Amino acid sequence: MTTVTRTFDVRPEPAVVVDYLKDFSHAEEWDPGTESCTRQDPGPVQVGSTWHNVSKIAGVTTELTYTLQQLTDDTIVLVGANDTARSVDTITVVPHPDGAGSRVTYEANIEMKGAAKLADPIMKVVFEKIGSDTEDDMTTVLNRLA
C-alpha cells in the first residue's frame, strides 16, 4: 500500500473548503491526474454519493468509482475502487492556528490489487510526485474561493 500525505494552508474558512471539496467532480480542477469526474447520482452531495473518475497516471488511463463514505464539518472520506486498485482519500480541514483561513490535510492510501501489486514500489514514487502537484493545484483552486 502507498500512502501520500500533504498538509497546507489556504485562505478560505473551513466550511467553504469542505463544501467545495465534498463534491468530488471538482477533482477535475485540482487533481492533475483526473481527466473527468462525473457524478452518478442526483440530489445533494451526501454520504453515499458516487462519481465515475477517469484518471491518467504515468501514461495509463484508469477508471474508478468513488463513493463519499464520510462527511462531517471537518472531514471528507472518499473511497475509489476498481478491479486493480482501491484508494481511500481522507481530507481534513481545520481552522488555521493563526485564526484566518484553513489548514488542509490530504491523505491518499492507494492499494494495488492482484498483479498490479507488483508495481507498488514504482507507484510510491509516482504518487509522491502527484501528491506534490495536487497540493499546488488544490491550494491555487481553494484560494480562488476566498
# chains A, B, ... in the order shown; residues from 1 in each chain; ligands from 1
>>> residues_around(residues="Gly99 of chain A", least_positions_apart="5", cutoff="12 Å", atoms="only C-alpha atoms", output="list in words")
Asp9, Val10, Arg11, Pro12, Glu13, Pro14 and Val94 of chain A
>>> write_last_selection(atoms="N, CA and C atoms", output="JSON list (two decimals), in the first residue's frame")
[["chain", "number", "residue", "atom", "x", "y", "z"],
["A", 9, "ASP", "N", -1.88, 25.28, 3.90],
["A", 9, "ASP", "CA", -2.80, 26.31, 4.36],
["A", 9, "ASP", "C", -3.42, 27.04, 3.18],
["A", 10, "VAL", "N", -4.70, 27.41, 3.35],
["A", 10, "VAL", "CA", -5.43, 28.17, 2.33],
["A", 10, "VAL", "C", -6.21, 29.29, 3.02],
["A", 11, "ARG", "N", -6.63, 30.28, 2.23],
["A", 11, "ARG", "CA", -7.31, 31.46, 2.77],
["A", 11, "ARG", "C", -8.78, 31.24, 3.16],
["A", 12, "PRO", "N", -9.57, 30.44, 2.42],
["A", 12, "PRO", "CA", -10.98, 30.30, 2.80],
["A", 12, "PRO", "C", -11.16, 29.61, 4.16],
["A", 13, "GLU", "N", -12.29, 29.90, 4.78],
["A", 13, "GLU", "CA", -12.64, 29.27, 6.05],
["A", 13, "GLU", "C", -12.99, 27.79, 5.82],
["A", 14, "PRO", "N", -12.88, 26.96, 6.86],
["A", 14, "PRO", "CA", -13.13, 25.52, 6.70],
["A", 14, "PRO", "C", -14.47, 25.16, 6.06],
["A", 94, "VAL", "N", -9.32, 22.06, 9.08],
["A", 94, "VAL", "CA", -9.49, 22.69, 10.39],
["A", 94, "VAL", "C", -9.15, 24.17, 10.28]]
>>> select_by_dssp(residues="segment 2-146 of chain A", states="helix (DSSP H, G or I)", output="PyMOL selection string")
chain A and resi 14-21+24-30+114-144
>>> atom_distance(atom1="atom CA of Arg86 of chain A", atom2="atom CA of Met138 of chain A")
21.8 Å
>>> residues_around(residues="Asn109 of chain A", least_positions_apart="5", cutoff="7 Å", atoms="only C-alpha atoms", output="ChimeraX atom specification")
/A:1-4,87-89
>>> residues_around(residues="segment 52-57 of chain A", least_positions_apart="2", cutoff="7 Å", atoms="only C-alpha atoms", output="PyMOL selection string")
chain A and resi 33-40+59-66
>>> closest_residue(among="A:Glu29, A:Asp74, A:Asp137, A:Asp83", to="Thr105 of chain A", atoms="only C-alpha atoms")
A:Asp74
>>> atom_distance(atom1="atom CA of Ala15 of chain A", atom2="atom CA of Glu107 of chain A")
19.0 Å
>>> residues_around(residues="Leu145 of chain A", least_positions_apart="2", cutoff="8 Å", atoms="only C-alpha atoms", output="PDB file with C-alpha atoms, in the first residue's frame")
ATOM      1  CA  PRO A  12     -10.984  30.300   2.803  1.00  0.00           C
ATOM      2  CA  VAL A  16     -16.141  26.917   2.389  1.00  0.00           C
ATOM      3  CA  VAL A 141      -8.088  26.471  -6.653  1.00  0.00           C
ATOM      4  CA  LEU A 142      -9.130  26.792  -2.995  1.00  0.00           C
ATOM      5  CA  ASN A 143      -7.562  30.246  -2.652  1.00  0.00           C
TER       6      ASN A 143
END
>>> residues_around(residues="Asp19 of chain A", least_positions_apart="4", cutoff="10 Å", atoms="only C-alpha atoms", output="list in words")
Pro14, Ala15, Asp23, Val45, Leu71, Asp73 and Ile76 of chain A
>>> residues_around(residues="Gln46 of chain A", least_positions_apart="5", cutoff="10 Å", atoms="only C-alpha atoms", output="number ranges by chain")
A: 22-23, 67-71
>>> atom_distance(atom1="atom CA of Trp30 of chain A", atom2="atom CA of Asp98 of chain A")
25.2 Å
>>> select_by_dssp(residues="segment 47-94 of chain A", states="strand (DSSP E or B)", output="NGL selection string")
:A and (50-57 or 60-71 or 75-81 or 85-94)
